[in-house]
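Structure file input-v8.txt (compact mmCIF, C-alpha atoms) follows.
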```txt
# COMPACT_ATOMS: atom_id res chain seq x y z
CA MET A 1 -3.76 107.98 258.61
CA ARG A 2 -0.98 110.38 259.31
CA LEU A 3 0.71 107.67 261.30
CA LEU A 4 0.55 105.36 258.30
CA VAL A 5 2.03 107.99 255.98
CA SER A 6 4.77 108.70 258.46
CA LEU A 7 5.63 105.02 258.71
CA MET A 8 5.83 104.69 254.92
CA ALA A 9 8.08 107.73 254.71
CA LEU A 10 10.36 106.28 257.35
CA LEU A 11 10.39 103.01 255.46
CA LEU A 12 11.42 104.77 252.28
CA LEU A 13 14.14 106.65 254.12
CA ALA A 14 15.36 103.45 255.67
CA THR A 15 15.45 101.55 252.44
CA GLY A 16 17.01 104.42 250.48
CA PRO A 17 20.71 103.62 251.33
CA VAL A 18 20.02 99.91 251.11
CA ALA A 19 18.93 100.29 247.51
CA ALA A 20 22.63 100.74 246.55
CA ALA A 21 23.61 97.30 247.94
CA PRO A 22 21.58 95.25 245.44
CA SER A 23 23.28 97.19 242.71
CA GLU A 24 26.72 95.98 243.80
CA HIS A 25 25.31 92.54 244.24
CA GLU A 26 23.85 92.63 240.80
CA GLN A 27 27.20 93.73 239.45
CA ALA A 28 28.87 90.78 241.11
CA VAL A 29 26.24 88.46 239.71
CA ALA A 30 26.68 90.02 236.31
CA ARG A 31 30.44 89.41 236.44
CA LEU A 32 29.80 85.78 237.29
CA ALA A 33 27.28 85.47 234.47
CA SER A 34 29.79 87.10 232.16
CA ASP A 35 32.36 84.52 233.14
CA VAL A 36 29.98 81.73 232.21
CA ASP A 37 29.07 83.47 228.97
CA ALA A 38 32.76 83.73 228.13
CA LEU A 39 33.13 80.03 228.81
CA ASP A 40 30.19 79.33 226.52
CA ALA A 41 31.71 81.46 223.78
CA ASP A 42 35.17 79.91 224.06
CA PRO A 43 35.65 78.12 220.73
CA SER A 44 37.75 75.37 222.25
CA LEU A 45 35.95 74.91 225.59
CA GLY A 46 32.37 75.85 224.70
CA ALA A 47 31.36 72.36 223.74
CA TYR A 48 32.44 70.74 227.01
CA GLY A 49 31.27 70.74 230.63
CA ARG A 50 27.66 71.53 229.81
CA VAL A 51 26.30 70.00 233.03
CA GLU A 52 28.78 71.93 235.16
CA ARG A 53 27.97 75.16 233.31
CA LEU A 54 24.28 74.52 233.92
CA GLN A 55 25.03 74.05 237.60
CA ALA A 56 27.03 77.30 237.54
CA ARG A 57 24.15 79.22 235.94
CA GLN A 58 21.78 77.72 238.50
CA ALA A 59 24.13 78.86 241.27
CA ILE A 60 24.27 82.35 239.73
CA ALA A 61 20.49 82.44 239.62
CA GLU A 62 20.33 81.45 243.24
CA ALA A 63 22.86 84.14 244.08
CA ARG A 64 20.81 86.69 242.18
CA GLU A 65 17.69 85.74 244.13
CA ALA A 66 19.43 85.25 247.43
CA ARG A 67 18.40 87.16 250.50
CA ARG A 68 20.83 89.68 251.78
CA ARG A 69 22.31 87.45 254.43
CA ASP A 70 22.88 84.63 251.93
CA ARG A 71 24.29 86.66 249.09
CA GLU A 72 27.96 86.37 249.93
CA HIS A 73 27.58 82.66 250.47
CA LYS A 74 25.72 82.17 247.23
CA LEU A 75 28.18 84.30 245.26
CA ALA A 76 31.02 82.19 246.61
CA LEU A 77 29.17 79.03 245.66
CA ALA A 78 28.57 80.38 242.16
CA GLY A 79 32.28 81.21 241.86
CA VAL A 80 33.21 77.67 242.84
CA ARG A 81 30.66 76.27 240.38
CA ILE A 82 32.06 78.44 237.56
CA GLU A 83 35.60 77.23 238.36
CA ALA A 84 34.37 73.63 238.36
CA ALA A 85 32.68 74.24 235.01
CA ARG A 86 35.91 75.66 233.57
CA LEU A 87 37.91 72.69 234.83
CA ALA A 88 35.28 70.27 233.52
CA ALA A 89 35.40 71.97 230.12
CA GLU A 90 39.18 71.73 230.03
CA ALA A 91 38.93 68.07 231.05
CA GLY A 92 36.43 67.51 228.24
CA LEU A 93 38.74 69.19 225.77
CA LEU A 94 41.61 67.01 226.91
CA ALA A 95 39.41 63.92 226.73
CA GLU A 96 38.64 64.85 223.14
CA GLN A 97 42.35 65.32 222.51
CA ALA A 98 42.97 61.89 224.04
CA ALA A 99 40.35 60.42 221.74
CA GLN A 100 42.01 62.20 218.84
CA LEU A 101 45.34 60.72 219.90
CA ASP A 102 43.70 57.29 219.95
CA ARG A 103 42.48 57.89 216.41
CA GLU A 104 45.96 59.04 215.49
CA ARG A 105 47.35 55.87 217.03
CA ASP A 106 44.94 53.84 214.94
CA GLN A 107 46.11 55.72 211.85
CA ILE A 108 49.74 55.09 212.73
CA LEU A 109 49.09 51.39 213.24
CA LEU A 110 47.08 51.28 210.04
CA GLU A 111 49.86 53.00 208.15
CA ALA A 112 52.41 50.70 209.77
CA SER A 113 50.31 47.71 208.84
CA ARG A 114 50.02 49.00 205.29
CA ARG A 115 53.77 49.48 205.13
CA ASP A 116 54.35 46.04 206.60
CA ALA A 117 52.04 44.58 204.01
CA GLU A 118 53.86 46.50 201.30
CA ARG A 119 57.21 45.32 202.58
CA ALA A 120 55.91 41.76 202.78
CA ARG A 121 54.58 42.06 199.24
CA MET A 122 57.92 43.40 198.01
CA GLU A 123 59.79 40.68 199.87
CA ALA A 124 57.53 38.04 198.40
CA GLU A 125 58.09 39.53 194.96
CA ARG A 126 61.83 39.57 195.54
CA GLN A 127 61.74 35.96 196.69
CA ARG A 128 59.64 35.05 193.67
CA LEU A 129 62.10 36.72 191.31
CA GLN A 130 65.02 35.06 193.04
CA ALA A 131 63.32 31.69 192.79
CA LEU A 132 62.59 32.37 189.14
CA ALA A 133 66.20 33.34 188.52
CA ARG A 134 67.39 30.22 190.31
CA GLU A 135 64.99 28.12 188.31
CA GLU A 136 66.15 29.68 185.06
CA ALA A 137 69.79 29.19 186.01
CA LEU A 138 69.08 25.60 186.90
CA GLN A 139 67.25 25.14 183.63
CA ARG A 140 70.20 26.62 181.75
CA GLU A 141 72.56 24.33 183.63
CA LEU A 142 70.37 21.37 182.82
CA GLU A 143 70.20 22.34 179.17
CA GLN A 144 73.95 22.89 179.03
CA SER A 145 74.55 19.63 180.82
CA GLU A 146 72.20 17.87 178.44
CA ALA A 147 73.93 19.48 175.46
CA GLU A 148 77.32 18.45 176.82
CA ARG A 149 76.03 14.96 177.46
CA ILE A 150 74.66 14.71 173.94
CA SER A 151 77.87 16.17 172.54
CA ALA A 152 79.95 13.72 174.54
CA LEU A 153 77.69 10.90 173.48
CA GLU A 154 77.99 11.93 169.86
CA ALA A 155 81.74 12.24 170.23
CA ALA A 156 81.89 8.83 171.85
CA ASN A 157 79.72 7.41 169.10
CA ALA A 158 81.89 9.06 166.48
CA GLU A 159 84.99 7.79 168.18
CA ALA A 160 83.51 4.33 168.46
CA GLU A 161 82.51 4.48 164.82
CA GLN A 162 85.99 5.65 163.91
CA ALA A 163 87.48 2.87 165.99
CA ARG A 164 85.11 0.41 164.41
CA LYS A 165 86.06 1.61 160.93
CA LEU A 166 89.74 1.52 161.88
CA ALA A 167 89.39 -1.99 163.23
CA ALA A 168 87.53 -3.00 160.10
CA ALA A 169 90.22 -1.41 157.97
CA ARG A 170 92.91 -3.14 159.95
CA ALA A 171 91.07 -6.40 159.75
CA ARG A 172 90.71 -5.84 156.05
CA GLU A 173 94.38 -5.00 155.82
CA ALA A 174 95.28 -8.08 157.82
CA GLU A 175 93.05 -10.17 155.65
CA LEU A 176 94.65 -8.76 152.55
CA ALA A 177 98.08 -9.26 154.04
CA ARG A 178 97.16 -12.81 154.93
CA GLN A 179 95.87 -13.39 151.45
CA GLU A 180 98.96 -11.77 150.02
CA ALA A 181 101.15 -13.93 152.20
CA GLU A 182 99.25 -17.01 151.21
CA LEU A 183 99.50 -15.98 147.60
CA ALA A 184 103.18 -15.21 147.99
CA ALA A 185 103.72 -18.48 149.79
CA ALA A 186 101.88 -20.30 147.05
CA ILE A 187 103.90 -18.49 144.42
CA ALA A 188 107.08 -19.15 146.34
CA ALA A 189 106.15 -22.76 146.77
CA ASP A 190 105.55 -22.98 143.08
CA GLU A 191 108.76 -21.16 142.32
CA ILE A 192 110.69 -23.18 144.81
CA ALA A 193 109.30 -26.34 143.44
CA ASP A 194 110.38 -25.22 140.02
CA ALA A 195 113.58 -23.52 141.16
CA ALA A 196 116.83 -24.17 139.28
CA PRO A 197 120.34 -23.54 140.48
CA PRO A 198 121.99 -20.33 139.36
CA PRO A 199 123.53 -20.37 135.95
CA VAL A 200 127.00 -21.89 135.87
CA ARG A 201 130.13 -21.46 133.77
CA ARG A 202 133.46 -23.21 133.90
CA GLU A 203 136.69 -21.42 134.46
CA GLY A 204 139.87 -23.52 134.51
CA GLY A 205 138.34 -26.57 136.18
CA LYS A 206 136.19 -24.56 138.53
CA GLN A 207 132.44 -24.24 138.36
CA VAL A 208 131.29 -20.71 138.86
CA TYR A 209 127.58 -20.27 139.73
CA THR A 210 126.43 -16.65 139.42
CA LEU A 211 123.56 -15.32 141.54
CA ALA A 212 122.34 -12.18 139.82
CA GLY A 213 122.06 -8.86 141.66
CA ASN A 214 118.24 -8.98 141.66
CA ALA A 215 118.50 -11.84 144.19
CA PHE A 216 118.69 -9.13 146.90
CA GLY A 217 116.58 -6.15 147.73
CA SER A 218 118.03 -2.80 146.81
CA GLY A 219 120.89 -1.97 149.19
CA SER A 220 119.98 -5.04 151.24
CA ALA A 221 121.63 -8.31 152.06
CA SER A 222 118.33 -10.20 152.34
CA LEU A 223 117.77 -12.86 149.71
CA THR A 224 114.51 -13.15 147.86
CA ALA A 225 112.56 -16.38 148.22
CA GLN A 226 113.29 -17.18 144.60
CA ALA A 227 117.02 -16.76 145.19
CA GLN A 228 116.87 -18.89 148.33
CA ALA A 229 115.10 -21.64 146.37
CA SER A 230 117.69 -21.42 143.65
CA LEU A 231 120.48 -21.71 146.25
CA ARG A 232 118.82 -24.74 147.84
CA ALA A 233 118.70 -26.33 144.38
CA LEU A 234 122.40 -25.53 144.06
CA ALA A 235 123.10 -27.11 147.46
CA GLY A 236 121.83 -30.37 146.06
CA LEU A 237 124.54 -30.19 143.40
CA LEU A 238 127.31 -29.48 145.91
CA SER A 239 127.02 -32.74 147.82
CA GLY A 240 130.02 -34.13 146.11
CA GLY A 241 132.56 -32.31 148.23
CA GLY A 242 135.17 -29.75 147.27
CA LYS A 243 135.96 -26.23 148.45
CA VAL A 244 133.33 -23.56 147.96
CA THR A 245 134.24 -19.88 147.81
CA ILE A 246 131.42 -17.36 147.88
CA GLU A 247 132.28 -13.93 146.52
CA GLY A 248 130.04 -10.87 146.77
CA HIS A 249 130.37 -8.09 144.15
CA THR A 250 128.79 -4.70 143.65
CA ASP A 251 128.72 -2.06 140.98
CA SER A 252 130.73 1.13 141.32
CA GLN A 253 127.87 3.23 142.73
CA GLY A 254 128.56 4.48 146.26
CA ALA A 255 131.66 4.43 148.43
CA ASP A 256 134.17 1.62 148.13
CA ASP A 257 134.07 0.69 151.76
CA ALA A 258 130.30 0.58 151.80
CA ASN A 259 130.25 -1.54 148.68
CA ARG A 260 132.78 -3.93 150.15
CA LYS A 261 130.76 -4.34 153.36
CA LEU A 262 127.52 -4.85 151.42
CA SER A 263 129.16 -7.48 149.20
CA GLN A 264 130.52 -9.21 152.30
CA ARG A 265 127.05 -9.33 153.95
CA ARG A 266 125.49 -10.70 150.74
CA ALA A 267 128.17 -13.41 150.48
CA GLU A 268 127.49 -14.33 154.13
CA ALA A 269 123.77 -14.56 153.43
CA VAL A 270 124.35 -16.97 150.57
CA ARG A 271 126.68 -19.03 152.75
CA ARG A 272 124.02 -19.31 155.49
CA VAL A 273 121.38 -20.54 153.02
CA LEU A 274 123.72 -23.11 151.58
CA GLU A 275 124.68 -24.24 155.06
CA GLU A 276 121.04 -24.57 156.01
CA ALA A 277 120.50 -26.57 152.83
CA GLY A 278 123.11 -29.09 153.90
CA VAL A 279 126.42 -27.79 152.59
CA ALA A 280 129.08 -28.23 155.28
CA ALA A 281 130.17 -24.91 156.79
CA GLY A 282 133.77 -25.96 156.76
CA ARG A 283 133.81 -26.17 152.99
CA MET A 284 132.58 -22.62 152.47
CA ARG A 285 134.25 -19.21 152.67
CA ALA A 286 132.45 -15.92 152.14
CA VAL A 287 134.37 -12.96 150.70
CA GLY A 288 133.20 -9.43 149.94
CA GLN A 289 134.99 -8.10 146.87
CA GLY A 290 133.08 -4.83 146.58
CA GLU A 291 133.36 -3.10 143.26
CA SER A 292 136.93 -4.37 142.61
CA ARG A 293 136.05 -7.05 140.11
CA PRO A 294 133.52 -5.82 137.59
CA VAL A 295 132.48 -8.08 134.73
CA ALA A 296 130.80 -5.37 132.75
CA ASP A 297 130.90 -1.63 132.19
CA ASN A 298 129.68 0.32 135.19
CA GLY A 299 128.88 3.17 132.84
CA SER A 300 125.57 1.67 131.83
CA ALA A 301 122.66 0.35 133.82
CA ALA A 302 122.89 -3.02 132.11
CA GLY A 303 126.56 -3.25 132.95
CA ARG A 304 126.02 -2.25 136.61
CA ALA A 305 123.29 -4.96 136.81
CA LEU A 306 125.72 -7.59 135.72
CA ASN A 307 128.37 -6.36 138.15
CA ARG A 308 125.92 -6.69 141.11
CA ARG A 309 126.24 -10.45 141.78
CA VAL A 310 127.34 -13.24 144.07
CA GLU A 311 129.53 -15.96 142.60
CA ILE A 312 129.69 -19.44 144.17
CA ILE A 313 132.98 -20.96 143.05
CA VAL A 314 133.24 -24.69 143.42
CA GLU A 315 136.73 -26.19 143.08
CA MET B 1 -11.31 84.92 271.38
CA THR B 2 -12.23 86.40 268.01
CA LEU B 3 -12.52 84.44 264.84
CA SER B 4 -9.28 85.95 263.56
CA SER B 5 -7.44 85.09 266.69
CA LEU B 6 -8.79 81.61 266.43
CA LYS B 7 -7.47 81.35 262.90
CA ILE B 8 -4.13 82.62 263.96
CA HIS B 9 -3.84 80.23 266.84
CA LEU B 10 -4.91 77.29 264.75
CA VAL B 11 -3.15 77.96 261.47
CA LEU B 12 0.14 79.41 262.66
CA PRO B 13 1.37 76.26 264.45
CA VAL B 14 0.47 74.19 261.43
CA LEU B 15 2.35 76.54 259.14
CA LEU B 16 5.33 76.59 261.45
CA ALA B 17 5.37 72.80 261.65
CA ALA B 18 5.11 72.48 257.90
CA SER B 19 7.86 75.02 257.42
CA SER B 20 10.07 73.15 259.84
CA VAL B 21 9.48 69.89 258.04
CA CYS B 22 10.27 71.45 254.68
CA ALA B 23 13.46 72.98 256.03
CA ALA B 24 14.54 69.64 257.46
CA ASP B 25 13.88 67.94 254.13
CA GLU B 26 15.86 70.60 252.28
CA LEU B 27 18.80 70.21 254.70
CA ASP B 28 18.82 66.42 254.48
CA ALA B 29 18.68 66.62 250.73
CA ALA B 30 21.56 69.11 250.68
CA ILE B 31 23.65 66.91 252.98
CA ALA B 32 22.85 63.84 250.86
CA THR B 33 23.80 65.72 247.71
CA ALA B 34 27.08 66.76 249.31
CA GLY B 35 27.74 63.16 250.36
CA ARG B 36 27.17 61.93 246.82
CA ALA B 37 29.43 64.65 245.48
CA VAL B 38 32.19 63.67 247.92
CA ALA B 39 31.83 59.99 246.99
CA ALA B 40 31.95 60.82 243.29
CA ALA B 41 35.06 62.91 243.82
CA GLU B 42 36.69 60.10 245.78
CA GLU B 43 36.08 57.75 242.85
CA ALA B 44 37.98 60.13 240.62
CA ALA B 45 41.09 59.40 242.75
CA PRO B 46 42.23 63.01 243.04
CA ARG B 47 45.83 63.96 243.77
CA GLY B 48 47.59 67.16 244.71
CA ASP B 49 45.32 70.23 244.73
CA ALA B 50 42.33 68.09 243.88
CA ALA B 51 42.99 65.83 246.85
CA ARG B 52 43.29 68.83 249.12
CA ALA B 53 40.02 70.23 247.76
CA LEU B 54 38.37 66.90 248.40
CA ASP B 55 39.68 66.81 251.97
CA GLN B 56 38.22 70.24 252.48
CA ALA B 57 34.87 69.18 251.01
CA ARG B 58 34.80 66.08 253.14
CA ALA B 59 35.49 68.12 256.27
CA GLN B 60 32.73 70.57 255.33
CA TRP B 61 30.33 67.74 254.75
CA GLN B 62 31.13 66.27 258.17
CA ALA B 63 30.71 69.71 259.70
CA ALA B 64 27.33 70.03 257.99
CA ILE B 65 26.21 66.78 259.52
CA GLU B 66 27.41 67.83 262.92
CA ALA B 67 25.66 71.21 262.61
CA ARG B 68 22.45 69.47 261.61
CA ASP B 69 22.74 67.19 264.60
CA LYS B 70 23.14 70.27 266.76
CA ARG B 71 20.09 71.79 265.09
CA ARG B 72 22.08 74.66 263.62
CA LYS B 73 20.17 74.21 260.43
CA SER B 74 21.24 77.36 258.68
CA ASP B 75 24.94 76.62 259.20
CA ALA B 76 24.37 72.99 258.24
CA LEU B 77 22.72 73.99 254.98
CA ARG B 78 25.50 76.39 254.04
CA LEU B 79 28.19 73.85 254.91
CA ALA B 80 26.41 71.18 252.87
CA GLU B 81 26.17 73.48 249.86
CA VAL B 82 29.83 74.49 250.12
CA ALA B 83 30.85 70.83 250.59
CA ALA B 84 28.95 69.80 247.45
CA ALA B 85 30.46 72.64 245.39
CA ASN B 86 34.00 71.93 246.60
CA ALA B 87 33.56 68.19 246.04
CA ASP B 88 32.42 68.88 242.49
CA LEU B 89 35.41 71.19 242.06
CA ALA B 90 37.76 68.47 243.35
CA ASN B 91 36.09 66.01 241.03
CA ALA B 92 36.53 68.30 238.03
CA ARG B 93 40.15 69.02 238.92
CA ALA B 94 40.86 65.29 239.36
CA ARG B 95 39.30 64.54 235.97
CA LEU B 96 41.32 67.35 234.43
CA ASP B 97 44.55 65.97 235.92
CA ALA B 98 43.70 62.47 234.72
CA ALA B 99 42.84 63.76 231.25
CA ARG B 100 46.09 65.70 231.07
CA GLU B 101 48.04 62.58 232.04
CA GLU B 102 46.12 60.57 229.46
CA VAL B 103 46.93 63.10 226.75
CA ASP B 104 50.60 63.18 227.70
CA SER B 105 50.76 59.41 227.87
CA ARG B 106 49.03 58.89 224.54
CA ALA B 107 51.09 61.57 222.85
CA ALA B 108 54.26 59.85 224.05
CA ARG B 109 52.86 56.50 222.97
CA ASN B 110 52.04 57.83 219.51
CA ALA B 111 55.49 59.36 219.18
CA GLU B 112 57.04 56.00 220.03
CA LEU B 113 54.75 54.19 217.62
CA ARG B 114 55.55 56.69 214.89
CA ARG B 115 59.28 56.33 215.55
CA ARG B 116 59.11 52.54 215.61
CA HIS B 117 56.81 51.92 212.68
CA LEU B 118 57.08 54.92 210.40
CA VAL B 119 60.38 56.73 210.94
CA ASN B 120 62.50 53.59 211.26
CA GLY B 121 60.44 51.75 208.69
CA GLY B 122 59.37 49.07 211.18
CA ARG B 123 63.06 48.25 212.10
CA ASN B 124 63.55 48.61 215.86
```
The structure in this file should be written as structure tokens.
Amino acid sequence: MRLLVSLMALLLLATGPVAAAPSEHEQAVARLASDVDALDADPSLGAYGRVERLQARQAIAEAREARRRDREHKLALAGVRIEAARLAAEAGLLAEQAAQLDRERDQILLEASRRDAERARMEAERQRLQALAREEALQRELEQSEAERISALEAANAEAEQARKLAAARAREAELARQEAELAAAIAADEIADAAPPPVRREGGKQVYTLAGNAFGSGSASLTAQAQASLRALAGLLSGGGKVTIEGHTDSQGADDANRKLSQRRAEAVRRVLEEAGVAAGRMRAVGQGESRPVADNGSAAGRALNRRVEIIVE
Amino acid sequence: MTLSSLKIHLVLPVLLAASSVCAADELDAAIATAGRAVAAAEEAAPRGDAARALDQARAQWQAAIEARDKRRKSDALRLAEVAAANADLANARARLDAAREEVDSRAARNAELRRRHLVNGGRN
């Protein structure tokens, strides 16, 4: 019995210093456990690397329970497992960040697509407005063109109507002129048919036929049809031969030279009619006396009418 | 021979044999676990420090196999455990490197997309 007590005392003495070693070991294990706890509590990493952390805790537990000779080995393994858990957690965090970046990419593409759609919508609207503006401009051009066409057509119609009216008026005028000419011709024919030679008087064996001043137009040397008919009637009386002197006279109105030239042209006109009516040209002489030989008073209109005359003197 | 001695002589060899079998199973399992860990780390295509950690784990795994073949079971078990832990560490470091590259790449990609589509208003 004493031997047994002695052996137990020796055992206690032997294990006394050794009892301090587990304390250091436990401290090392506690530090490792603390590291894992810190990883668990990390707000950014705590949610990642759960499997690796479980492996680390299992390794810590094995280290805690390890026999003396295995403790260092197990502590080292636990340290490696904790480091692997930390790396796995960081990798998980980065994987989450990568996923977040993918979501961000999707948002960017969605926003870009929305902007593209907006731009396309605005471009379509711009094109639509441009097309509308072009269509309106074209419509205005068409309307203006149509208005101009109608205006031109109306102007052409008005011009044609005016031309038609003018042509009708001219035709009417021509018709009236023709009728007037026919009427004048008929009157002239009647007058000619009934024409008588100019009045005659005798002066010293000469016959003096006097063609009154109204046989000519005013200021003109053209004979009226009536006067021409009267002269042709006179020509029939002059077939007997003898010298014929044709004298033109004017009143005293106007310049002397002008009156002389007018009287000369009137005498020549009478001579041509007589010649055409058969009186030989060689028998006739035309003389313009101007205002030099009045037969009446130039102070009155009646007197000036008598002074404007052509006398055909037959010897 | 007493009854107790008989028990001891009969039971002890059985217990020793069973213990030996269990230890062999535990060692093979540890070596297999380390091999799977090394293979998994290789699939992560580690580079740099991770690749070096994987090389170390692979060497430890081979050493564990050799120690087992030489019946140094205790050394083999320790080497297998260290190989598995280092392979897992290499795997984690490789995944961390890959994740960091992915983040950098996607951040750059997003910046380019933002510049092309949003900042420049879709005009490149």
For chain A, list the residues within 6 Å of chain B, counting only C-alpha atoms, and write the list as an NGL selection string.
:A and (84 or 87-88 or 91 or 94-95 or 98 or 105 or 112)
Selection near Leu77 (chain B), 8 Å with all atoms listed in the file, sequence-local residues under 6 positions removed, as a ChimeraX atom specification
/B:27,30-31,64
Point-to-point distance in Å for CA of Ser44 (chain A) and CA of Glu96 (chain A):
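Between CA of Glu96 (chain A) and CA of Ser44 (chain A) the gap works out to 10.6 Å.
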One decimal, Å: what's the distance from CA of Glu291 (chain A) over to CA of Ile312 (chain A), could you say?
16.8 Å
Can you tell me, as a list in words, what residues are no more than 10 Å from Ala233 (chain A) when counting only C-alpha atoms, ignoring any on the same chain fewer than 5 positions away?
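Near neighbours after the sequence-gap exclusion: Ile192, Ala193, Asp194, Ala195, Ala196, Pro197, Pro198, Ala227, Gln228, Leu238, Leu274 and Ala277 of chain A.
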Interatomic distance between CA of Val29 (chain A) and CA of Ala85 (chain A)?
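Answer for the CA of Val29 (chain A) to CA of Ala85 (chain A) separation: 16.3 Å.
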Test item: which residues lie within 12 Å of (124.2, -23.4, 151.4) counting all atoms listed in the file, as a PyMOL selection string:
chain A and resi 197+227-239+244-246+267-286+312
Would you put the residues from that selection into a file with C-alpha atoms, as an mmCIF file, in the coordinates of the input?
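Wrote again-v1.cif, looks like this:
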```cif
data_model
loop_
_atom_site.group_PDB
_atom_site.id
_atom_site.type_symbol
_atom_site.label_atom_id
_atom_site.label_comp_id
_atom_site.auth_asym_id
_atom_site.auth_seq_id
_atom_site.Cartn_x
_atom_site.Cartn_y
_atom_site.Cartn_z
ATOM 1 C CA PRO A 197 120.340 -23.540 140.480
ATOM 2 C CA ALA A 227 117.020 -16.760 145.190
ATOM 3 C CA GLN A 228 116.870 -18.890 148.330
ATOM 4 C CA ALA A 229 115.100 -21.640 146.370
ATOM 5 C CA SER A 230 117.690 -21.420 143.650
ATOM 6 C CA LEU A 231 120.480 -21.710 146.250
ATOM 7 C CA ARG A 232 118.820 -24.740 147.840
ATOM 8 C CA ALA A 233 118.700 -26.330 144.380
ATOM 9 C CA LEU A 234 122.400 -25.530 144.060
ATOM 10 C CA ALA A 235 123.100 -27.110 147.460
ATOM 11 C CA GLY A 236 121.830 -30.370 146.060
ATOM 12 C CA LEU A 237 124.540 -30.190 143.400
ATOM 13 C CA LEU A 238 127.310 -29.480 145.910
ATOM 14 C CA SER A 239 127.020 -32.740 147.820
ATOM 15 C CA VAL A 244 133.330 -23.560 147.960
ATOM 16 C CA THR A 245 134.240 -19.880 147.810
ATOM 17 C CA ILE A 246 131.420 -17.360 147.880
ATOM 18 C CA ALA A 267 128.170 -13.410 150.480
ATOM 19 C CA GLU A 268 127.490 -14.330 154.130
ATOM 20 C CA ALA A 269 123.770 -14.560 153.430
ATOM 21 C CA VAL A 270 124.350 -16.970 150.570
ATOM 22 C CA ARG A 271 126.680 -19.030 152.750
ATOM 23 C CA ARG A 272 124.020 -19.310 155.490
ATOM 24 C CA VAL A 273 121.380 -20.540 153.020
ATOM 25 C CA LEU A 274 123.720 -23.110 151.580
ATOM 26 C CA GLU A 275 124.680 -24.240 155.060
ATOM 27 C CA GLU A 276 121.040 -24.570 156.010
ATOM 28 C CA ALA A 277 120.500 -26.570 152.830
ATOM 29 C CA GLY A 278 123.110 -29.090 153.900
ATOM 30 C CA VAL A 279 126.420 -27.790 152.590
ATOM 31 C CA ALA A 280 129.080 -28.230 155.280
ATOM 32 C CA ALA A 281 130.170 -24.910 156.790
ATOM 33 C CA GLY A 282 133.770 -25.960 156.760
ATOM 34 C CA ARG A 283 133.810 -26.170 152.990
ATOM 35 C CA MET A 284 132.580 -22.620 152.470
ATOM 36 C CA ARG A 285 134.250 -19.210 152.670
ATOM 37 C CA ALA A 286 132.450 -15.920 152.140
ATOM 38 C CA ILE A 312 129.690 -19.440 144.170
#
```
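Distances here use only C-alpha atoms; by that measure, the residue among A:Glu311, A:Glu180, A:Glu26, A:Glu247 closest to Thr210 (chain A) is A:Glu311.
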For a quick check of understanding, using only C-alpha atoms, which of B:Glu112, B:Val119, B:Ala37, B:Lys73 has the smallest distance to Asp25 (chain B)?
B:Lys73
Neighbouring residues of Glu42 (chain B) were defined as those with any atom within 8 Å, considering all atoms listed in the file; residues of the same chain fewer than 3 positions away were excluded. Please report them as a list in words.
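With the cut-off at 8 Å, the set is Val38, Ala39, Ala45, Pro46, Leu54 and Asn91 of chain B.
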For Ile65 (chain B), work out the shell of residues within 10 Å, counting all atoms listed in the file and skipping chain neighbours fewer than 4 positions away, then give it as an MDAnalysis selection string.
chainID B and resid 27:28 31:32 35 59:61 69:73 75:77 79:80
Within 12 Å of (28.0, 85.7, 246.7) (coordinates as in the file), grab all the protein and nucleic acid residues, counting all atoms listed in the file, and write them out as a VMD selection string.
(chain A and resid 22 24 to 32 59 to 81) or (chain B and resid 82)
Using the partial input, fill out region 87-95 of chain B with N, CA and C atoms; write the result as a PDB file, in the frame of the given file.
```pdb
ATOM      1  N   ALA B  87      33.374  69.587 246.499  1.00  0.00           N
ATOM      2  CA  ALA B  87      33.560  68.190 246.040  1.00  0.00           C
ATOM      3  C   ALA B  87      33.467  68.128 244.520  1.00  0.00           C
ATOM      4  N   ASP B  88      32.516  68.847 243.955  1.00  0.00           N
ATOM      5  CA  ASP B  88      32.420  68.880 242.490  1.00  0.00           C
ATOM      6  C   ASP B  88      33.671  69.515 241.872  1.00  0.00           C
ATOM      7  N   LEU B  89      34.173  70.568 242.551  1.00  0.00           N
ATOM      8  CA  LEU B  89      35.410  71.190 242.060  1.00  0.00           C
ATOM      9  C   LEU B  89      36.581  70.213 242.114  1.00  0.00           C
ATOM     10  N   ALA B  90      36.681  69.474 243.233  1.00  0.00           N
ATOM     11  CA  ALA B  90      37.760  68.470 243.350  1.00  0.00           C
ATOM     12  C   ALA B  90      37.599  67.399 242.284  1.00  0.00           C
ATOM     13  N   ASN B  91      36.354  67.027 242.059  1.00  0.00           N
ATOM     14  CA  ASN B  91      36.090  66.010 241.030  1.00  0.00           C
ATOM     15  C   ASN B  91      36.543  66.513 239.658  1.00  0.00           C
ATOM     16  N   ALA B  92      36.159  67.742 239.342  1.00  0.00           N
ATOM     17  CA  ALA B  92      36.530  68.300 238.030  1.00  0.00           C
ATOM     18  C   ALA B  92      38.043  68.426 237.902  1.00  0.00           C
ATOM     19  N   ARG B  93      38.698  68.881 238.984  1.00  0.00           N
ATOM     20  CA  ARG B  93      40.150  69.020 238.920  1.00  0.00           C
ATOM     21  C   ARG B  93      40.825  67.655 238.771  1.00  0.00           C
ATOM     22  N   ALA B  94      40.289  66.637 239.475  1.00  0.00           N
ATOM     23  CA  ALA B  94      40.860  65.290 239.360  1.00  0.00           C
ATOM     24  C   ALA B  94      40.699  64.756 237.931  1.00  0.00           C
ATOM     25  N   ARG B  95      39.518  65.013 237.357  1.00  0.00           N
ATOM     26  CA  ARG B  95      39.300  64.540 235.970  1.00  0.00           C
ATOM     27  C   ARG B  95      40.204  65.298 234.999  1.00  0.00           C
TER      28      ARG B  95
END
```
